[in-house]
Each structure stands twice: as structure tokens, then as C-alpha cells.
Amino acid sequence: MRRADLCARDRWFNLLYANPRARLACAEDLVASMDQARVDASVVFGFAFADAGLCAACNAYVLEAAQQYPGRLLPFLTVNPLAGETALRQAIDGLEAGAVGIGELMPGGQGFALTDFACLDPLLELAREAGVPLMFHVNEPVGHTYPGKGDQGPQQAFQLAEHAPSNTLVFSHWGGGLPFYELMPEGSAVLANTYYDTAASLFLYDDAIFRHVAAWAASKILWATDYPLIGQARFLRRMQKLGLESDLLDRLLGGNALTLLNRAKSQGMEKR
Ligand SMILES: [Zn+2]
């Protein structure tokens with residue numbers, strides 16, 4: 001499907017990608033980028049469309065690409081929680097077809113709130129039982145505006161973590177600042193199963209954020225680029241210049257993600 005068709009069919013996609021300079025990438029582009037940057041494996045997913053049919057088309061593409069590049073592309077699923085039974089069915093089918101997570105779901109674009117628990121509960125339950133993480137787009141509630149910046153921030157993400165303590169949750173873009181609240185005693189308890197990815201960090205935060213958050217949440221930082229928004233090789237070069245200890249760098253660049261995916265899986269298997 002062409003960019004213009006997708007822009008016509010999804011308000012949020014149009015906001016982000018109507019500009020022809022906003023980069024889109026296919027599976028082959030991503031694998032070429034991984035080869036160039038010497039990235040072994042990438043978590044990969046399609047755009048979180050509001051329309052369930054578009055989500056299904058994305059998921060089919062991503063799952064097929066993951067089969068073509070086994071072990072290198074780790075497929076997540078996008079569904080719209082507001083689609084109810086349809087979303088649940090799509091998630092069940094996608095997990096059976098090899099997906100290892102659900103997300104990145106986009107509250108602003110898809111029209112749900114992180115605190116809409118009645119809407120999210122079926123997916124939360126499925127993710128718990130299947131032992132897969134659920135990942136949500138979250139923004140910082142302050143600072144400059146940009147296309148795709150929504151109104152769901154650390155407060156809503158915290159409430160979701162409080163509601164679903166046994167789910168493994170990933171909040172993108174540093175959870176909009178959520179890691180800071182791990183320094184509150186009640187925060188560290190509520191956020192015990194919560195992770196933060198670093199997608200688009202170069203556009204949002206000073207690089208000092210890596211060392212600071214690692215001081216108290218080193219096991220919860222998942223290096224992510226938001227490729228093709230930020231090139232993997234470029235971001236990796238920046239990471240290598242931070243002067244982080246090599247074992248910490250290894251955890252941020254993949255060790256934490258592997259632990260998370262394995263841990264979620266073993267918790268899911270215990271429940272069966
Ligand atoms: Zn995002």
C-alpha cells in the first residue's frame with residue numbers, strides 16, 4: 001500500500017508521515033541497517049493503526065519478514081484495543097504465529113487511554129498468560145510538541161503499572177520520564193515489572209540520561225532507536241562515546257531485552 005493511501009486512511013499516520021521526508025522502511029531496509037551497524041537482532045513491528053484491518057495487514061507482513069530472517073527480526077504485534085474481540089483474536093493468532101510481544105500500541109493515534117482498564121484488560125490477561133511483554137507509546141508531559149506527541153505520560157503509565165502489576169510492561173521513549181519515579185519507595189514497588197525503551201532519545205534527551213537512569217534502573221533500559229527515524233549505526237556510535245562500562249553497555253544494548261523476553265516467557269509458562 002502506498003504512503004498516500006495510508007495517510008488517507010489513518011489520521012495519526014498522516015500526522016507523522018504526510019511529509020515525504022519522514023522515512024519509512026521495509027524489512028530489507030532494516031536488515032541492511034542491522035548488517036551495517038552490526039546489530040544481531042531487532043524487535044520489529046508495524047505502525048499502530050486505528051483500523052483493525054490495517055493492523056492485521058502490518059502483522060502479516062512483520063510475521064512473514066520474521067520468518068525470512070529467523071532470530072534476527074523479533075516480531076511484535078500491533079492491534080487496536082478498542083477493536084475488542086477482533087483485537088484479541090488478532091493477538092492470539094499473531095502470538096501463535098510466532099510473535100514475541102504486543103506493541104508498540106499508540107494511545108493517541110488509536111484513541112484509547114492507558115487508564116481505560118476495561119478496554120485493556122483482555123489484552124493484559126492474554127499477554128500475562130502467553131508470557132509476552134506489552135509495549136505502549138508514552139510521551140513526556142512537558143517540552144516541545146512534535147507530530148505524534150500524545151497526552152499519555154508517566155502518570156497514566158504509572159496507573160497502568162499499578163493496575164497490572166504482574167504484566168511485563170514496556171513504556172517507550174523513556175516512559176515520558178517515568179524511571180524517575182522508581183526513586184520513590186512506592187514507585188519502585190509499582191514499577192517492578194516495568195521497562196523503558198530509548199526510542200527517539202536523541203531527539204528528546206541529553207545523552208546523560210543513560211548514565212543517570214542506569215544508576216538506579218540499569219536492568220530496565222532497553223536500547224531502541226525508533227528506526228528509521230534514527231539510524232542504528234548513528235545511535236550506536238553515540239552510545240559508544242558515552243564512556244559506559246562495557247558490561248553496562250552490553251546490558252543496555254541487548255542483554256536486558258533478552259532477559260526480559262525470556263523472563264516474561266517463563267512467567268507465562270508457570271501460569272499454564
Ligand atoms: Zn512511540
# chains A, B, ... in the order shown; residues from 1 in each chain; ligands from 1
$ residues_around --residues "segment 39-55 of chain A" --least-positions-apart "6" --cutoff "9 Å" --atoms "only C-alpha atoms" --output "mmCIF file with C-alpha atoms, in the first residue's frame"
data_model
loop_
_atom_site.group_PDB
_atom_site.id
_atom_site.type_symbol
_atom_site.label_atom_id
_atom_site.label_comp_id
_atom_site.auth_asym_id
_atom_site.auth_seq_id
_atom_site.Cartn_x
_atom_site.Cartn_y
_atom_site.Cartn_z
ATOM 1 C CA LEU A 6 -2.275 5.101 4.341
ATOM 2 C CA ARG A 9 -6.889 6.059 5.952
ATOM 3 C CA ASP A 10 -5.276 6.975 9.294
ATOM 4 C CA ARG A 11 -5.238 10.378 10.945
ATOM 5 C CA TRP A 12 -2.190 9.682 13.111
ATOM 6 C CA PHE A 13 -0.170 8.097 10.296
ATOM 7 C CA ALA A 27 12.138 -5.398 6.317
ATOM 8 C CA LEU A 30 16.033 -2.813 8.384
ATOM 9 C CA VAL A 31 18.158 -5.914 7.845
ATOM 10 C CA SER A 33 20.803 -1.340 8.501
ATOM 11 C CA TYR A 61 3.938 -8.565 6.849
ATOM 12 C CA VAL A 62 6.017 -8.446 10.041
ATOM 13 C CA LEU A 63 5.450 -12.131 10.836
ATOM 14 C CA ALA A 66 10.485 -12.563 10.797
ATOM 15 C CA GLY A 71 16.438 -14.919 15.029
ATOM 16 C CA ARG A 72 17.231 -11.509 13.592
ATOM 17 C CA LEU A 73 13.756 -9.949 13.471
ATOM 18 C CA LEU A 74 11.775 -10.451 16.691
ATOM 19 C CA PRO A 75 8.162 -9.687 15.776
ATOM 20 C CA PHE A 76 5.730 -7.732 17.948
ATOM 21 C CA LEU A 77 2.056 -7.237 17.054
ATOM 22 C CA THR A 78 0.048 -4.078 16.700
ATOM 23 C CA VAL A 79 -3.670 -4.259 17.471
ATOM 24 C CA ASN A 80 -6.173 -1.604 18.467
ATOM 25 C CA LEU A 82 -10.699 -0.533 21.040
ATOM 26 C CA ALA A 83 -11.426 -3.239 18.458
ATOM 27 C CA THR A 86 -11.199 -8.547 16.935
ATOM 28 C CA ALA A 87 -8.047 -7.213 18.606
ATOM 29 C CA GLN A 90 -5.591 -10.910 16.132
ATOM 30 C CA VAL A 100 7.078 -12.426 20.953
ATOM 31 C CA GLY A 101 5.329 -9.289 22.162
ATOM 32 C CA ILE A 102 2.460 -6.855 21.635
ATOM 33 C CA GLY A 103 3.119 -3.219 20.758
ATOM 34 C CA GLU A 104 4.051 -0.530 20.271
ATOM 35 C CA LEU A 105 0.436 0.456 20.849
ATOM 36 C CA MET A 106 -0.319 4.123 20.334
ATOM 37 C CA GLY A 109 -3.470 7.574 17.450
ATOM 38 C CA GLN A 110 -5.631 4.592 18.272
ATOM 39 C CA GLY A 111 -7.987 6.517 20.544
ATOM 40 C CA ALA A 224 15.859 1.264 20.889
ATOM 41 C CA GLN A 232 21.016 2.321 14.124
ATOM 42 C CA ALA A 233 24.689 2.929 13.244
ATOM 43 C CA GLY A 254 20.619 -6.270 24.232
#
$ residues_near_ligand --ligand "ligand 1" --cutoff "9 Å" --atoms "only C-alpha atoms and all ligand atoms" --output "list in words"
Glu104, Leu105, Met106, Phe136, His137, Val138, Asn139, Gly148, Lys149, Phe171, Ser172, His173, Ala199, Ala200 and Asp226 of chain A
$ closest_residue --among "A:Asp93, A:Phe158, A:Tyr195, A:Gly84" --to "Leu123 of chain A" --atoms "only C-alpha atoms"
A:Gly84
$ residues_around --residues "Leu183 of chain A" --least-positions-apart "3" --cutoff "12 Å" --atoms "only C-alpha atoms" --output "short mmCIF file (atom, residue, chain, number, x, y, z; two decimals) with all heavy atoms, in the first residue's frame"
data_model
loop_
_atom_site.label_atom_id
_atom_site.label_comp_id
_atom_site.auth_asym_id
_atom_site.auth_seq_id
_atom_site.Cartn_x
_atom_site.Cartn_y
_atom_site.Cartn_z
N GLY A 177 9.52 9.91 31.14
CA GLY A 177 10.14 10.38 32.39
C GLY A 177 9.82 9.48 33.58
O GLY A 177 10.23 9.75 34.71
N LEU A 178 9.09 8.41 33.32
CA LEU A 178 8.65 7.52 34.40
C LEU A 178 9.78 6.93 35.26
O LEU A 178 9.58 6.75 36.47
CB LEU A 178 7.80 6.39 33.78
CG LEU A 178 7.06 5.45 34.72
CD1 LEU A 178 6.12 6.21 35.64
CD2 LEU A 178 6.29 4.40 33.91
N PRO A 179 10.97 6.62 34.68
CA PRO A 179 12.01 5.99 35.52
C PRO A 179 12.33 6.80 36.77
O PRO A 179 12.70 6.24 37.80
CB PRO A 179 13.23 5.91 34.60
CG PRO A 179 12.68 5.92 33.22
CD PRO A 179 11.42 6.74 33.28
N PHE A 180 12.18 8.11 36.70
CA PHE A 180 12.47 8.97 37.84
C PHE A 180 11.69 8.53 39.08
O PHE A 180 12.17 8.59 40.20
CB PHE A 180 12.14 10.42 37.47
CG PHE A 180 12.51 11.42 38.51
CD1 PHE A 180 13.83 11.79 38.72
CD2 PHE A 180 11.53 12.01 39.30
CE1 PHE A 180 14.17 12.72 39.68
CE2 PHE A 180 11.86 12.95 40.27
CZ PHE A 180 13.19 13.30 40.46
N GLU A 186 7.34 3.69 46.91
CA GLU A 186 6.13 3.09 46.34
C GLU A 186 6.26 2.97 44.82
O GLU A 186 5.65 2.12 44.21
CB GLU A 186 4.87 3.86 46.74
CG GLU A 186 4.74 5.26 46.17
CD GLU A 186 5.32 6.32 47.11
OE1 GLU A 186 6.43 6.12 47.64
OE2 GLU A 186 4.65 7.36 47.28
N GLY A 187 7.07 3.86 44.24
CA GLY A 187 7.28 3.80 42.79
C GLY A 187 8.04 2.55 42.40
O GLY A 187 7.66 1.85 41.46
N SER A 188 9.10 2.21 43.13
CA SER A 188 9.88 1.04 42.74
C SER A 188 9.05 -0.23 42.88
O SER A 188 9.22 -1.18 42.13
CB SER A 188 11.18 0.96 43.54
OG SER A 188 10.90 0.70 44.89
N ALA A 189 8.12 -0.25 43.86
CA ALA A 189 7.26 -1.43 44.01
C ALA A 189 6.29 -1.54 42.83
O ALA A 189 6.16 -2.59 42.21
CB ALA A 189 6.49 -1.35 45.32
N VAL A 190 5.66 -0.44 42.50
CA VAL A 190 4.67 -0.46 41.40
C VAL A 190 5.34 -0.76 40.06
O VAL A 190 4.79 -1.44 39.20
CB VAL A 190 3.93 0.90 41.35
CG1 VAL A 190 3.16 1.06 40.04
CG2 VAL A 190 2.98 1.03 42.53
N LEU A 191 6.58 -0.27 39.89
CA LEU A 191 7.24 -0.37 38.59
C LEU A 191 8.18 -1.57 38.49
O LEU A 191 9.02 -1.64 37.59
CB LEU A 191 8.01 0.93 38.31
CG LEU A 191 7.12 2.19 38.29
CD1 LEU A 191 7.97 3.46 38.25
CD2 LEU A 191 6.16 2.16 37.11
N ALA A 192 7.97 -2.55 39.38
CA ALA A 192 8.90 -3.69 39.42
C ALA A 192 8.99 -4.43 38.08
O ALA A 192 10.05 -4.94 37.72
CB ALA A 192 8.48 -4.65 40.53
N HIS A 212 22.44 8.43 34.05
CA HIS A 212 21.63 8.75 35.23
C HIS A 212 20.63 7.63 35.53
O HIS A 212 20.57 7.14 36.64
CB HIS A 212 20.88 10.07 35.02
CG HIS A 212 21.77 11.27 35.11
ND1 HIS A 212 22.62 11.49 36.16
CD2 HIS A 212 21.97 12.29 34.25
CE1 HIS A 212 23.29 12.61 35.96
NE2 HIS A 212 22.92 13.12 34.80
N VAL A 213 19.82 7.26 34.54
CA VAL A 213 18.79 6.25 34.80
C VAL A 213 19.45 4.90 35.14
O VAL A 213 18.96 4.15 35.99
CB VAL A 213 17.80 6.13 33.62
CG1 VAL A 213 16.80 5.00 33.86
CG2 VAL A 213 17.05 7.45 33.43
N ALA A 215 21.86 4.46 36.92
CA ALA A 215 22.30 4.45 38.32
C ALA A 215 21.31 3.72 39.21
O ALA A 215 21.68 3.17 40.24
CB ALA A 215 22.50 5.89 38.81
N TRP A 216 20.01 3.71 38.83
CA TRP A 216 19.04 3.00 39.68
C TRP A 216 18.16 2.02 38.91
O TRP A 216 17.42 1.26 39.51
CB TRP A 216 18.17 3.97 40.48
CG TRP A 216 17.25 4.83 39.65
CD1 TRP A 216 15.99 4.48 39.24
CD2 TRP A 216 17.49 6.12 39.13
NE1 TRP A 216 15.44 5.50 38.50
CE2 TRP A 216 16.34 6.52 38.42
CE3 TRP A 216 18.57 7.01 39.19
CZ2 TRP A 216 16.24 7.75 37.77
CZ3 TRP A 216 18.47 8.23 38.55
CH2 TRP A 216 17.32 8.59 37.84
N ALA A 217 18.23 2.04 37.60
CA ALA A 217 17.34 1.15 36.84
C ALA A 217 18.09 0.52 35.65
O ALA A 217 17.52 0.37 34.57
CB ALA A 217 16.11 1.92 36.36
#
$ atom_distance --atom1 "atom CA of Val132 of chain A" --atom2 "atom CA of Glu96 of chain A"
11.8 Å
$ select_by_dssp --residues "segment 26-229 of chain A" --states "strand (DSSP E or B)" --output "mmCIF file with N, CA, C and O atoms, in the first residue's frame"
data_model
loop_
_atom_site.group_PDB
_atom_site.id
_atom_site.type_symbol
_atom_site.label_atom_id
_atom_site.label_comp_id
_atom_site.auth_asym_id
_atom_site.auth_seq_id
_atom_site.Cartn_x
_atom_site.Cartn_y
_atom_site.Cartn_z
ATOM 1 N N SER A 42 16.647 -7.320 16.064
ATOM 2 C CA SER A 42 15.822 -6.137 16.316
ATOM 3 C C SER A 42 14.392 -6.562 16.618
ATOM 4 O O SER A 42 13.845 -7.434 15.940
ATOM 5 N N VAL A 43 13.807 -5.939 17.643
ATOM 6 C CA VAL A 43 12.358 -6.060 17.835
ATOM 7 C C VAL A 43 11.710 -5.200 16.756
ATOM 8 O O VAL A 43 12.108 -4.046 16.541
ATOM 9 N N VAL A 44 10.726 -5.758 16.071
ATOM 10 C CA VAL A 44 10.169 -5.086 14.906
ATOM 11 C C VAL A 44 8.639 -5.152 14.937
ATOM 12 O O VAL A 44 8.071 -6.134 15.395
ATOM 13 N N LEU A 73 14.910 -10.828 13.268
ATOM 14 C CA LEU A 73 13.756 -9.949 13.471
ATOM 15 C C LEU A 73 12.842 -10.607 14.501
ATOM 16 O O LEU A 73 12.374 -11.725 14.296
ATOM 17 N N LEU A 74 12.622 -9.923 15.614
ATOM 18 C CA LEU A 74 11.775 -10.451 16.691
ATOM 19 C C LEU A 74 10.441 -9.715 16.611
ATOM 20 O O LEU A 74 10.348 -8.538 16.956
ATOM 21 N N PRO A 75 9.396 -10.400 16.123
ATOM 22 C CA PRO A 75 8.162 -9.687 15.776
ATOM 23 C C PRO A 75 7.252 -9.390 16.961
ATOM 24 O O PRO A 75 6.971 -10.246 17.781
ATOM 25 N N PHE A 76 6.795 -8.146 17.047
ATOM 26 C CA PHE A 76 5.730 -7.732 17.948
ATOM 27 C C PHE A 76 4.483 -7.487 17.087
ATOM 28 O O PHE A 76 4.577 -7.341 15.868
ATOM 29 N N LEU A 77 3.335 -7.405 17.755
ATOM 30 C CA LEU A 77 2.056 -7.237 17.054
ATOM 31 C C LEU A 77 1.451 -5.890 17.379
ATOM 32 O O LEU A 77 1.481 -5.464 18.531
ATOM 33 N N GLY A 101 5.773 -10.413 21.357
ATOM 34 C CA GLY A 101 5.329 -9.289 22.162
ATOM 35 C C GLY A 101 4.188 -8.574 21.464
ATOM 36 O O GLY A 101 3.885 -8.848 20.294
ATOM 37 N N ILE A 102 3.551 -7.660 22.192
ATOM 38 C CA ILE A 102 2.460 -6.855 21.635
ATOM 39 C C ILE A 102 2.845 -5.389 21.792
ATOM 40 O O ILE A 102 3.202 -4.945 22.879
ATOM 41 N N GLY A 103 2.792 -4.639 20.715
ATOM 42 C CA GLY A 103 3.119 -3.219 20.758
ATOM 43 C C GLY A 103 3.903 -2.847 19.500
ATOM 44 O O GLY A 103 4.133 -3.705 18.657
ATOM 45 N N GLU A 104 4.309 -1.671 19.439
ATOM 46 C CA GLU A 104 4.051 -0.530 20.271
ATOM 47 C C GLU A 104 2.641 -0.026 19.990
ATOM 48 O O GLU A 104 2.339 0.400 18.868
ATOM 49 N N LEU A 105 1.787 -0.078 21.016
ATOM 50 C CA LEU A 105 0.436 0.456 20.849
ATOM 51 C C LEU A 105 0.469 1.959 21.104
ATOM 52 O O LEU A 105 1.255 2.457 21.901
ATOM 53 N N LEU A 134 3.907 -6.251 26.878
ATOM 54 C CA LEU A 134 3.029 -5.297 26.188
ATOM 55 C C LEU A 134 3.744 -3.948 26.187
ATOM 56 O O LEU A 134 4.215 -3.500 27.227
ATOM 57 N N MET A 135 3.812 -3.324 25.046
ATOM 58 C CA MET A 135 4.574 -2.085 24.921
ATOM 59 C C MET A 135 3.678 -0.938 24.454
ATOM 60 O O MET A 135 2.886 -1.105 23.527
ATOM 61 N N PHE A 136 3.837 0.199 25.119
ATOM 62 C CA PHE A 136 2.991 1.364 24.823
ATOM 63 C C PHE A 136 3.837 2.593 24.531
ATOM 64 O O PHE A 136 4.859 2.836 25.186
ATOM 65 N N LEU A 169 5.540 -4.761 31.319
ATOM 66 C CA LEU A 169 5.153 -3.597 30.519
ATOM 67 C C LEU A 169 6.397 -2.856 30.046
ATOM 68 O O LEU A 169 7.351 -2.689 30.808
ATOM 69 N N VAL A 170 6.371 -2.447 28.794
ATOM 70 C CA VAL A 170 7.448 -1.605 28.268
ATOM 71 C C VAL A 170 6.833 -0.266 27.892
ATOM 72 O O VAL A 170 5.863 -0.222 27.127
ATOM 73 N N PHE A 171 7.372 0.808 28.447
ATOM 74 C CA PHE A 171 6.915 2.142 28.089
ATOM 75 C C PHE A 171 8.003 2.802 27.252
ATOM 76 O O PHE A 171 9.153 2.933 27.682
ATOM 77 N N THR A 194 8.318 -3.128 35.059
ATOM 78 C CA THR A 194 8.212 -2.114 34.011
ATOM 79 C C THR A 194 9.582 -1.821 33.402
ATOM 80 O O THR A 194 10.572 -1.725 34.115
ATOM 81 N N TYR A 195 9.608 -1.695 32.090
ATOM 82 C CA TYR A 195 10.840 -1.405 31.352
ATOM 83 C C TYR A 195 10.647 -0.137 30.519
ATOM 84 O O TYR A 195 9.514 0.275 30.269
ATOM 85 N N TYR A 196 11.781 0.430 30.104
ATOM 86 C CA TYR A 196 11.733 1.688 29.355
ATOM 87 C C TYR A 196 12.592 1.548 28.119
ATOM 88 O O TYR A 196 13.743 1.113 28.219
ATOM 89 N N ASP A 197 12.047 1.911 26.954
ATOM 90 C CA ASP A 197 12.936 1.903 25.795
ATOM 91 C C ASP A 197 13.397 3.318 25.470
ATOM 92 O O ASP A 197 12.835 4.298 25.952
ATOM 93 N N ILE A 221 16.535 -0.683 31.152
ATOM 94 C CA ILE A 221 16.688 0.178 29.972
ATOM 95 C C ILE A 221 16.881 -0.693 28.742
ATOM 96 O O ILE A 221 17.770 -1.546 28.712
ATOM 97 N N LEU A 222 16.042 -0.497 27.760
ATOM 98 C CA LEU A 222 16.109 -1.264 26.519
ATOM 99 C C LEU A 222 16.515 -0.312 25.398
ATOM 100 O O LEU A 222 15.752 0.608 25.065
#
$ atom_distance --atom1 "atom CA of Tyr181 of chain A" --atom2 "atom CA of Trp223 of chain A"
19.8 Å
$ residues_around --residues "Pro141 of chain A" --least-positions-apart "6" --cutoff "10 Å" --atoms "only C-alpha atoms" --output "PyMOL selection string"
chain A and resi 149-155+176-177
